[in-house]
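Participant: Hey, dropping work-v5.txt in here, compact mmCIF, N, CA and C atoms:
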```txt
# COMPACT_ATOMS: atom_id res chain seq x y z
N MET A 1 -28.59 -3.84 18.79
CA MET A 1 -27.52 -4.18 17.86
C MET A 1 -28.15 -4.73 16.59
N SER A 2 -27.68 -4.25 15.45
CA SER A 2 -28.14 -4.74 14.16
C SER A 2 -27.13 -5.72 13.60
N GLU A 3 -27.62 -6.70 12.89
CA GLU A 3 -26.73 -7.69 12.29
C GLU A 3 -27.15 -7.95 10.85
N GLN A 4 -26.13 -8.12 10.00
CA GLN A 4 -26.36 -8.54 8.63
C GLN A 4 -25.60 -9.84 8.44
N LYS A 5 -26.28 -10.84 7.90
CA LYS A 5 -25.65 -12.14 7.66
C LYS A 5 -25.97 -12.55 6.24
N ASN A 6 -24.91 -12.84 5.46
CA ASN A 6 -25.08 -13.19 4.05
C ASN A 6 -24.34 -14.47 3.72
N PHE A 7 -24.97 -15.30 2.89
CA PHE A 7 -24.29 -16.48 2.36
C PHE A 7 -23.20 -16.01 1.40
N TYR A 8 -22.11 -16.75 1.33
CA TYR A 8 -21.02 -16.40 0.42
C TYR A 8 -21.55 -16.35 -1.01
N LEU A 9 -20.94 -15.49 -1.83
CA LEU A 9 -21.45 -15.22 -3.16
C LEU A 9 -20.30 -15.15 -4.16
N GLY A 10 -20.58 -15.48 -5.40
CA GLY A 10 -19.57 -15.39 -6.46
C GLY A 10 -18.96 -16.74 -6.78
N ARG A 11 -18.14 -16.73 -7.82
CA ARG A 11 -17.50 -17.98 -8.28
C ARG A 11 -16.67 -18.63 -7.19
N SER A 12 -15.94 -17.82 -6.42
CA SER A 12 -15.07 -18.40 -5.39
C SER A 12 -15.66 -18.29 -3.98
N GLY A 13 -16.93 -17.91 -3.88
CA GLY A 13 -17.59 -17.83 -2.57
C GLY A 13 -17.00 -16.76 -1.68
N ARG A 14 -17.28 -15.50 -1.99
CA ARG A 14 -16.69 -14.36 -1.27
C ARG A 14 -17.63 -13.87 -0.16
N PRO A 15 -17.06 -13.43 0.98
CA PRO A 15 -17.88 -12.78 2.01
C PRO A 15 -18.26 -11.38 1.52
N TRP A 16 -19.45 -10.94 1.82
CA TRP A 16 -19.88 -9.64 1.32
C TRP A 16 -20.92 -9.02 2.25
N LEU A 17 -21.09 -7.70 2.09
CA LEU A 17 -22.08 -6.94 2.83
C LEU A 17 -22.89 -6.09 1.88
N LYS A 18 -24.12 -5.85 2.24
CA LYS A 18 -24.99 -4.94 1.50
C LYS A 18 -25.10 -3.67 2.33
N LEU A 19 -24.59 -2.56 1.79
CA LEU A 19 -24.55 -1.30 2.52
C LEU A 19 -25.20 -0.19 1.69
N ASP A 20 -25.78 0.78 2.37
CA ASP A 20 -26.44 1.91 1.71
C ASP A 20 -25.58 3.16 1.81
N PHE A 21 -25.50 3.88 0.69
CA PHE A 21 -24.75 5.12 0.60
C PHE A 21 -25.64 6.19 0.01
N LEU A 22 -25.22 7.45 0.16
CA LEU A 22 -25.93 8.55 -0.48
C LEU A 22 -25.13 8.99 -1.70
N THR A 23 -25.82 9.18 -2.81
CA THR A 23 -25.17 9.67 -4.02
C THR A 23 -24.90 11.17 -3.86
N VAL A 24 -24.20 11.73 -4.83
CA VAL A 24 -23.91 13.17 -4.82
C VAL A 24 -25.22 13.96 -4.79
N GLU A 25 -26.26 13.44 -5.44
CA GLU A 25 -27.57 14.11 -5.47
C GLU A 25 -28.39 13.87 -4.22
N GLY A 26 -27.93 13.00 -3.31
CA GLY A 26 -28.65 12.73 -2.08
C GLY A 26 -29.57 11.53 -2.12
N ALA A 27 -29.57 10.78 -3.22
CA ALA A 27 -30.40 9.57 -3.31
C ALA A 27 -29.68 8.41 -2.61
N ARG A 28 -30.45 7.51 -2.08
CA ARG A 28 -29.88 6.34 -1.40
C ARG A 28 -29.56 5.27 -2.43
N GLU A 29 -28.36 4.67 -2.32
CA GLU A 29 -27.94 3.62 -3.24
C GLU A 29 -27.38 2.45 -2.45
N GLU A 30 -27.91 1.26 -2.72
CA GLU A 30 -27.47 0.05 -2.03
C GLU A 30 -26.39 -0.65 -2.86
N LEU A 31 -25.29 -1.03 -2.19
CA LEU A 31 -24.19 -1.70 -2.87
C LEU A 31 -23.88 -3.03 -2.22
N ALA A 32 -23.50 -4.01 -3.03
CA ALA A 32 -22.96 -5.27 -2.54
C ALA A 32 -21.44 -5.17 -2.64
N LEU A 33 -20.78 -5.23 -1.48
CA LEU A 33 -19.34 -5.04 -1.41
C LEU A 33 -18.66 -6.26 -0.79
N VAL A 34 -17.58 -6.70 -1.41
CA VAL A 34 -16.83 -7.84 -0.90
C VAL A 34 -16.06 -7.41 0.34
N ALA A 35 -16.20 -8.16 1.41
CA ALA A 35 -15.47 -7.89 2.65
C ALA A 35 -14.05 -8.44 2.49
N ASP A 36 -13.07 -7.55 2.63
CA ASP A 36 -11.68 -7.93 2.42
C ASP A 36 -10.84 -7.44 3.60
N THR A 37 -10.53 -8.35 4.53
CA THR A 37 -9.77 -7.96 5.71
C THR A 37 -8.33 -7.62 5.38
N GLY A 38 -7.86 -7.94 4.19
CA GLY A 38 -6.51 -7.58 3.77
C GLY A 38 -6.43 -6.21 3.13
N CYS A 39 -7.57 -5.54 2.96
CA CYS A 39 -7.60 -4.23 2.33
C CYS A 39 -7.44 -3.15 3.41
N PRO A 40 -6.39 -2.31 3.32
CA PRO A 40 -6.15 -1.31 4.36
C PRO A 40 -6.94 -0.01 4.18
N PHE A 41 -7.89 0.01 3.24
CA PHE A 41 -8.70 1.20 2.97
C PHE A 41 -10.16 0.91 3.32
N ASP A 42 -10.92 1.97 3.62
CA ASP A 42 -12.35 1.79 3.90
C ASP A 42 -13.03 1.10 2.72
N LEU A 43 -12.86 1.67 1.53
CA LEU A 43 -13.54 1.18 0.34
C LEU A 43 -12.66 1.29 -0.89
N VAL A 44 -12.82 0.35 -1.80
CA VAL A 44 -12.24 0.45 -3.15
C VAL A 44 -13.40 0.13 -4.09
N LEU A 45 -13.78 1.10 -4.92
CA LEU A 45 -14.99 0.99 -5.73
C LEU A 45 -14.71 0.99 -7.22
N ALA A 46 -15.64 0.38 -7.96
CA ALA A 46 -15.62 0.46 -9.41
C ALA A 46 -15.77 1.93 -9.80
N PRO A 47 -15.15 2.37 -10.90
CA PRO A 47 -15.17 3.79 -11.27
C PRO A 47 -16.56 4.42 -11.36
N GLU A 48 -17.51 3.74 -12.00
CA GLU A 48 -18.84 4.33 -12.17
C GLU A 48 -19.55 4.51 -10.83
N VAL A 49 -19.29 3.62 -9.89
CA VAL A 49 -19.89 3.74 -8.56
C VAL A 49 -19.22 4.88 -7.79
N PHE A 50 -17.90 4.91 -7.82
CA PHE A 50 -17.15 5.99 -7.17
C PHE A 50 -17.64 7.35 -7.67
N ASP A 51 -17.81 7.49 -8.98
CA ASP A 51 -18.22 8.77 -9.56
C ASP A 51 -19.60 9.21 -9.10
N ARG A 52 -20.51 8.27 -8.84
CA ARG A 52 -21.85 8.61 -8.36
C ARG A 52 -21.86 9.00 -6.88
N LEU A 53 -20.89 8.47 -6.11
CA LEU A 53 -20.94 8.62 -4.66
C LEU A 53 -19.96 9.62 -4.06
N SER A 54 -18.87 9.91 -4.75
CA SER A 54 -17.83 10.75 -4.17
C SER A 54 -18.32 12.19 -4.01
N VAL A 55 -18.39 12.63 -2.76
CA VAL A 55 -18.88 13.97 -2.44
C VAL A 55 -17.79 15.01 -2.66
N PHE A 56 -16.56 14.69 -2.29
CA PHE A 56 -15.45 15.58 -2.60
C PHE A 56 -14.17 14.77 -2.73
N ASP A 57 -13.26 15.32 -3.53
CA ASP A 57 -12.01 14.62 -3.85
C ASP A 57 -10.98 14.79 -2.75
N LEU A 58 -10.16 13.77 -2.64
CA LEU A 58 -9.01 13.77 -1.75
C LEU A 58 -7.77 13.52 -2.59
N PRO A 59 -6.58 13.75 -2.07
CA PRO A 59 -5.37 13.44 -2.85
C PRO A 59 -5.32 11.96 -3.21
N ALA A 60 -4.81 11.66 -4.39
CA ALA A 60 -4.67 10.27 -4.84
C ALA A 60 -3.75 9.52 -3.88
N LEU A 61 -3.98 8.21 -3.78
CA LEU A 61 -3.17 7.37 -2.89
C LEU A 61 -2.43 6.32 -3.70
N SER A 62 -1.24 5.99 -3.27
CA SER A 62 -0.44 4.95 -3.89
C SER A 62 -0.84 3.60 -3.29
N THR A 63 -1.19 2.65 -4.15
CA THR A 63 -1.63 1.33 -3.71
C THR A 63 -0.93 0.25 -4.53
N ASN A 64 -1.22 -1.00 -4.20
CA ASN A 64 -0.68 -2.09 -5.00
C ASN A 64 -1.32 -2.15 -6.39
N PHE A 65 -2.37 -1.38 -6.63
CA PHE A 65 -2.99 -1.26 -7.95
C PHE A 65 -2.52 0.01 -8.66
N GLY A 66 -1.52 0.68 -8.11
CA GLY A 66 -1.03 1.93 -8.67
C GLY A 66 -1.63 3.12 -7.94
N GLU A 67 -1.47 4.28 -8.54
CA GLU A 67 -2.01 5.52 -7.98
C GLU A 67 -3.52 5.55 -8.24
N LEU A 68 -4.32 5.72 -7.18
CA LEU A 68 -5.78 5.72 -7.32
C LEU A 68 -6.37 7.01 -6.80
N LEU A 69 -7.38 7.50 -7.51
CA LEU A 69 -8.13 8.67 -7.05
C LEU A 69 -8.83 8.31 -5.75
N ALA A 70 -8.95 9.29 -4.86
CA ALA A 70 -9.61 9.07 -3.57
C ALA A 70 -10.69 10.13 -3.38
N GLY A 71 -11.69 9.79 -2.61
CA GLY A 71 -12.76 10.73 -2.30
C GLY A 71 -13.50 10.31 -1.06
N ARG A 72 -14.32 11.20 -0.57
CA ARG A 72 -15.17 10.92 0.60
C ARG A 72 -16.56 10.55 0.10
N ILE A 73 -17.10 9.47 0.67
CA ILE A 73 -18.47 9.10 0.37
C ILE A 73 -19.22 8.91 1.68
N ARG A 74 -20.54 9.02 1.62
CA ARG A 74 -21.34 8.96 2.83
C ARG A 74 -22.08 7.64 2.94
N LEU A 75 -21.70 6.86 3.96
CA LEU A 75 -22.41 5.64 4.32
C LEU A 75 -23.61 6.08 5.13
N TYR A 76 -24.80 5.68 4.70
CA TYR A 76 -26.02 6.15 5.34
C TYR A 76 -26.95 4.97 5.62
N MET A 77 -26.88 4.47 6.86
CA MET A 77 -27.72 3.35 7.28
C MET A 77 -28.27 3.65 8.67
N PRO A 78 -29.21 4.60 8.76
CA PRO A 78 -29.72 5.00 10.08
C PRO A 78 -30.36 3.84 10.84
N GLU A 79 -30.90 2.84 10.13
CA GLU A 79 -31.50 1.70 10.80
C GLU A 79 -30.46 0.87 11.58
N MET A 80 -29.19 1.01 11.21
CA MET A 80 -28.10 0.35 11.94
C MET A 80 -27.36 1.34 12.84
N GLY A 81 -27.76 2.58 12.81
CA GLY A 81 -27.09 3.60 13.62
C GLY A 81 -25.80 4.09 12.98
N ILE A 82 -25.68 3.99 11.66
CA ILE A 82 -24.46 4.41 10.98
C ILE A 82 -24.78 5.54 10.00
N ASP A 83 -24.10 6.65 10.17
CA ASP A 83 -24.17 7.78 9.25
C ASP A 83 -22.80 8.45 9.33
N ARG A 84 -21.91 8.11 8.40
CA ARG A 84 -20.53 8.62 8.48
C ARG A 84 -19.91 8.67 7.10
N PHE A 85 -18.90 9.52 6.99
CA PHE A 85 -18.14 9.61 5.76
C PHE A 85 -16.98 8.62 5.80
N LEU A 86 -16.73 7.98 4.67
CA LEU A 86 -15.63 7.04 4.52
C LEU A 86 -14.74 7.48 3.37
N VAL A 87 -13.50 7.05 3.41
CA VAL A 87 -12.58 7.31 2.30
C VAL A 87 -12.73 6.16 1.30
N ALA A 88 -12.95 6.52 0.04
CA ALA A 88 -13.09 5.51 -1.01
C ALA A 88 -12.02 5.76 -2.07
N LEU A 89 -11.57 4.67 -2.68
CA LEU A 89 -10.64 4.74 -3.80
C LEU A 89 -11.35 4.28 -5.05
N ARG A 90 -10.92 4.78 -6.19
CA ARG A 90 -11.52 4.48 -7.50
C ARG A 90 -10.58 3.56 -8.25
N SER A 91 -11.03 2.32 -8.57
CA SER A 91 -10.16 1.36 -9.23
C SER A 91 -10.88 0.58 -10.32
N GLU A 92 -10.40 0.76 -11.55
CA GLU A 92 -10.94 -0.03 -12.66
C GLU A 92 -10.60 -1.50 -12.49
N THR A 93 -9.40 -1.81 -12.02
CA THR A 93 -8.97 -3.20 -11.85
C THR A 93 -9.86 -3.93 -10.85
N VAL A 94 -10.07 -3.33 -9.69
CA VAL A 94 -10.93 -3.95 -8.67
C VAL A 94 -12.34 -4.08 -9.21
N GLY A 95 -12.85 -3.04 -9.84
CA GLY A 95 -14.21 -3.09 -10.38
C GLY A 95 -14.40 -4.20 -11.38
N SER A 96 -13.49 -4.35 -12.33
CA SER A 96 -13.65 -5.39 -13.36
C SER A 96 -13.43 -6.79 -12.79
N ASN A 97 -12.47 -6.94 -11.86
CA ASN A 97 -12.24 -8.26 -11.26
C ASN A 97 -13.45 -8.73 -10.46
N LEU A 98 -14.05 -7.82 -9.71
CA LEU A 98 -15.21 -8.21 -8.90
C LEU A 98 -16.45 -8.42 -9.75
N ALA A 99 -16.61 -7.65 -10.82
CA ALA A 99 -17.74 -7.86 -11.72
C ALA A 99 -17.66 -9.25 -12.36
N ALA A 100 -16.45 -9.72 -12.65
CA ALA A 100 -16.26 -11.06 -13.20
C ALA A 100 -16.59 -12.13 -12.15
N GLU A 101 -16.37 -11.80 -10.88
CA GLU A 101 -16.67 -12.72 -9.77
C GLU A 101 -18.18 -12.87 -9.59
N HIS A 102 -18.89 -11.75 -9.59
CA HIS A 102 -20.36 -11.74 -9.49
C HIS A 102 -20.85 -10.38 -9.97
N PRO A 103 -21.90 -10.33 -10.81
CA PRO A 103 -22.33 -9.05 -11.38
C PRO A 103 -22.86 -8.04 -10.36
N ASP A 104 -23.22 -8.47 -9.16
CA ASP A 104 -23.73 -7.54 -8.15
C ASP A 104 -22.63 -6.81 -7.38
N PHE A 105 -21.39 -7.31 -7.42
CA PHE A 105 -20.32 -6.71 -6.65
C PHE A 105 -19.88 -5.38 -7.26
N SER A 106 -19.79 -4.35 -6.39
CA SER A 106 -19.42 -3.00 -6.82
C SER A 106 -18.06 -2.55 -6.30
N GLY A 107 -17.46 -3.33 -5.41
CA GLY A 107 -16.18 -2.94 -4.84
C GLY A 107 -15.86 -3.75 -3.60
N LEU A 108 -14.85 -3.26 -2.88
CA LEU A 108 -14.39 -3.90 -1.64
C LEU A 108 -14.70 -3.02 -0.45
N ILE A 109 -15.01 -3.64 0.67
CA ILE A 109 -15.08 -2.95 1.95
C ILE A 109 -13.93 -3.52 2.77
N GLY A 110 -13.04 -2.63 3.22
CA GLY A 110 -11.80 -3.07 3.85
C GLY A 110 -11.84 -3.12 5.37
N LEU A 111 -10.71 -3.49 5.93
CA LEU A 111 -10.56 -3.68 7.36
C LEU A 111 -10.90 -2.45 8.20
N PRO A 112 -10.51 -1.23 7.80
CA PRO A 112 -10.87 -0.08 8.65
C PRO A 112 -12.38 0.01 8.92
N PHE A 113 -13.20 -0.26 7.91
CA PHE A 113 -14.65 -0.24 8.13
C PHE A 113 -15.07 -1.44 8.98
N LEU A 114 -14.61 -2.61 8.64
CA LEU A 114 -15.04 -3.82 9.35
C LEU A 114 -14.75 -3.74 10.85
N ARG A 115 -13.67 -3.06 11.21
CA ARG A 115 -13.31 -2.94 12.61
C ARG A 115 -14.23 -2.01 13.40
N LEU A 116 -15.12 -1.30 12.72
CA LEU A 116 -16.11 -0.47 13.42
C LEU A 116 -17.12 -1.34 14.17
N GLY A 117 -17.29 -2.57 13.71
CA GLY A 117 -18.25 -3.48 14.33
C GLY A 117 -17.60 -4.81 14.62
N GLU A 118 -18.42 -5.83 14.69
CA GLU A 118 -17.94 -7.20 14.82
C GLU A 118 -18.21 -7.89 13.50
N TYR A 119 -17.28 -8.73 13.06
CA TYR A 119 -17.48 -9.46 11.81
C TYR A 119 -16.89 -10.85 11.96
N GLY A 120 -17.35 -11.74 11.12
CA GLY A 120 -16.83 -13.10 11.15
C GLY A 120 -17.64 -13.98 10.23
N GLY A 121 -17.33 -15.23 10.25
CA GLY A 121 -18.04 -16.13 9.37
C GLY A 121 -17.90 -17.57 9.81
N ASP A 122 -18.61 -18.41 9.11
CA ASP A 122 -18.53 -19.84 9.28
C ASP A 122 -18.45 -20.43 7.88
N PRO A 123 -18.50 -21.73 7.71
CA PRO A 123 -18.35 -22.29 6.35
C PRO A 123 -19.41 -21.85 5.34
N SER A 124 -20.55 -21.32 5.82
CA SER A 124 -21.60 -20.98 4.86
C SER A 124 -21.93 -19.49 4.75
N SER A 125 -21.57 -18.68 5.76
CA SER A 125 -22.00 -17.28 5.72
C SER A 125 -21.03 -16.36 6.46
N PHE A 126 -21.23 -15.05 6.21
CA PHE A 126 -20.42 -13.98 6.80
C PHE A 126 -21.37 -13.02 7.49
N TYR A 127 -20.97 -12.50 8.67
CA TYR A 127 -21.84 -11.57 9.38
C TYR A 127 -21.09 -10.29 9.74
N PHE A 128 -21.87 -9.24 9.96
CA PHE A 128 -21.37 -7.96 10.47
C PHE A 128 -22.39 -7.45 11.47
N ARG A 129 -21.92 -7.08 12.65
CA ARG A 129 -22.80 -6.54 13.70
C ARG A 129 -22.34 -5.14 14.07
N TYR A 130 -23.32 -4.25 14.25
CA TYR A 130 -23.01 -2.88 14.65
C TYR A 130 -24.10 -2.39 15.58
N PRO A 131 -23.79 -1.72 16.66
CA PRO A 131 -22.45 -1.50 17.18
C PRO A 131 -21.89 -2.79 17.74
N PRO A 132 -20.57 -2.84 17.93
CA PRO A 132 -20.00 -4.08 18.45
C PRO A 132 -20.48 -4.35 19.87
N HIS A 133 -20.62 -5.61 20.18
CA HIS A 133 -21.02 -6.03 21.52
C HIS A 133 -19.77 -6.13 22.37
N SER A 134 -19.81 -5.57 23.53
CA SER A 134 -18.68 -5.67 24.44
C SER A 134 -18.96 -6.78 25.45
N HIS A 135 -18.00 -7.64 25.63
CA HIS A 135 -18.13 -8.70 26.63
C HIS A 135 -17.73 -8.20 28.01
N PHE A 136 -17.32 -6.94 28.09
CA PHE A 136 -16.89 -6.36 29.35
C PHE A 136 -17.98 -5.46 29.90
N THR A 137 -18.05 -5.36 31.19
CA THR A 137 -18.99 -4.44 31.82
C THR A 137 -18.25 -3.14 32.10
N GLN A 138 -18.97 -2.13 32.52
CA GLN A 138 -18.36 -0.86 32.88
C GLN A 138 -17.34 -1.08 34.00
N GLU A 139 -17.65 -1.97 34.94
CA GLU A 139 -16.74 -2.24 36.05
C GLU A 139 -15.39 -2.77 35.56
N ASP A 140 -15.38 -3.52 34.45
CA ASP A 140 -14.13 -4.05 33.91
C ASP A 140 -13.21 -2.92 33.45
N HIS A 141 -13.77 -1.77 33.08
CA HIS A 141 -12.99 -0.66 32.55
C HIS A 141 -12.57 0.33 33.63
N GLU A 142 -13.16 0.24 34.80
CA GLU A 142 -12.85 1.19 35.87
C GLU A 142 -11.54 0.79 36.55
N GLN A 143 -10.79 1.80 36.92
CA GLN A 143 -9.55 1.58 37.65
C GLN A 143 -9.87 1.41 39.13
N PRO A 144 -9.16 0.52 39.83
CA PRO A 144 -9.39 0.40 41.27
C PRO A 144 -9.03 1.70 41.98
N GLN A 145 -9.80 2.04 42.96
CA GLN A 145 -9.56 3.27 43.73
C GLN A 145 -8.53 3.00 44.82
N ALA A 146 -7.60 3.95 44.97
CA ALA A 146 -6.62 3.83 46.05
C ALA A 146 -7.31 4.04 47.39
N ARG A 147 -6.87 3.34 48.40
CA ARG A 147 -7.49 3.49 49.73
C ARG A 147 -6.56 4.16 50.66
```
What does the file become when written as structure tokens?
Facilitator:
Amino acid sequence: MSEQKNFYLGRSGRPWLKLDFLTVEGAREELALVADTGCPFDLVLAPEVFDRLSVFDLPALSTNFGELLAGRIRLYMPEMGIDRFLVALRSETVGSNLAAEHPDFSGLIGLPFLRLGEYGGDPSSFYFRYPPHSHFTQEDHEQPQAR
């Protein structure tokens, strides 16, 4: 199991993760993304970041920030066992708000992604573990056999 643990960052002390993606050209790009459990999308990115990473377009989605362009981007972190496509939205509002919070922030990582692993925090830091640890054994999942 791999774990990432980061101290809160930004003016208001935001939880965040550092994740690697592949650009359209296939280069690896590391992003600092604010973890937002209230976000119902995988990712919401600043426009310039979205444009570098979006492999193909999807229909625009209606959000509380208005109608946003959507696309598929590739999260590529083989050292954590993650190589998958995620749905990302392109938002100038999110990009500028987060840049004002801290210059390293490129967007939000939402609840659908966070639920792929384990996440949480304490007063000083936020963590993400992948794959999630199960407190149950295989026996806990097996149905009792009829006799």
Participant: Using atom CA of Gln4 of chain A and atom CA of Glu92 of chain A as the two end points, give the distance in Å to one decimal.
Facilitator: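 A separation of 27.6 Å between them.
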Participant: Mind checking which residues fall within 7 Å of Phe41 of chain A, counting only N, CA and C atoms, ignoring those fewer than 5 positions away in the same chain, and posting them as a ChimeraX atom specification?
Facilitator: /A:87-88,109-113
Participant: Find the distance between atom CA of Thr93 of chain A and atom CA of Ile73 of chain A and write it in Å to one decimal.
Facilitator: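 That distance, rounded to one decimal, is 19.8 Å.
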Participant: What does the distance between atom CA of Asn6 of chain A and atom N of Phe50 of chain A come to in Å, to one decimal place?
Facilitator: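 We find that atom CA of Asn6 of chain A and atom N of Phe50 of chain A lie 22.8 Å from each other.
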Participant: Using DSSP on the backbone, list every residue of chain A that comes out as strand (DSSP E), and give them as a ChimeraX atom specification.
Facilitator: /A:2-7,16-22,28-36,43-45,56-63,66-77,82-90,105-110,118-121,125-130
Participant: Give me the residues near Tyr130 of chain A as a ChimeraX atom specification, where near means some atom within 9 Å (using only C-alpha atoms) and where sequence neighbours in that chain fewer than 4 positions away do not count.
Facilitator: /A:1-4,80-82,116-118
Participant: Taking into account only N, CA and C atoms, which residue in the set A:Leu19, A:Asn64, A:Ser54, A:Leu108 is nearest to Asp36 of chain A?
Facilitator: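 Once distances to Asp36 of chain A are computed over only N, CA and C atoms, the minimum belongs to A:Leu108.
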Participant: Considering only helix (DSSP H, G or I) as DSSP defines it on the backbone, what residues of segment 2-141 of chain A qualify? List them as an MDAnalysis selection string.
Facilitator: chainID A and resid 47:53 78:80 92:101 111:114 138:141
Participant: Could you give me, as an MDAnalysis selection string, the residues within 6 Å of segment 56-61 of chain A, counting all atoms listed in the file and dropping anything in the same chain fewer than 2 positions from it?
Facilitator: chainID A and resid 54 63 66:72
Participant: Between A:Pro78, A:Pro15, A:Pro103, A:Gly10, which is the closest to Ser124 of chain A once you count only C-alpha atoms?
Facilitator: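 So, comparing all the options, the nearest one is A:Pro15.
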Participant: Tell me which residues come within 9 Å of (-12.6, -4.3, -9.0), as a PyMOL selection string, counting only C-alpha atoms in the file's coordinates.
Facilitator: chain A and resi 44-47+90-100+105-108
Participant: Nearest residue to Ala32 of chain A out of A:His102, A:Arg52, A:Arg74, A:Arg11, using only C-alpha atoms?
Facilitator: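 Looking only at the distances to Ala32 of chain A, the closest residue turns out to be A:His102.
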Participant: Between A:Leu114, A:Phe126, A:Asp83, A:Pro132, which residue has the minimum interatomic distance to Phe7 of chain A, considering all atoms listed in the file?
Facilitator: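 Ranked by minimum distance to Phe7 of chain A, first place goes to A:Phe126.
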Participant: For Val55 of chain A, which of A:Met77, A:Leu31, A:Val24, A:Leu43 is the closest residue, counting only C-alpha atoms?
Facilitator: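 Between A:Met77, A:Leu31, A:Val24, A:Leu43, the residue approaching Val55 of chain A most closely is A:Val24.
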Participant: Draw an axis-aligned box tight on the listed atoms of segment 15-33 of chain A, then pad every side by 4 Å and write out centre and edge lengths in Å to one decimal as JSON.
Facilitator:
```
{"center_x": -23.8, "center_y": 0.3, "center_z": -1.3, "size_x": 21.4, "size_y": 35.5, "size_z": 16.3}
```
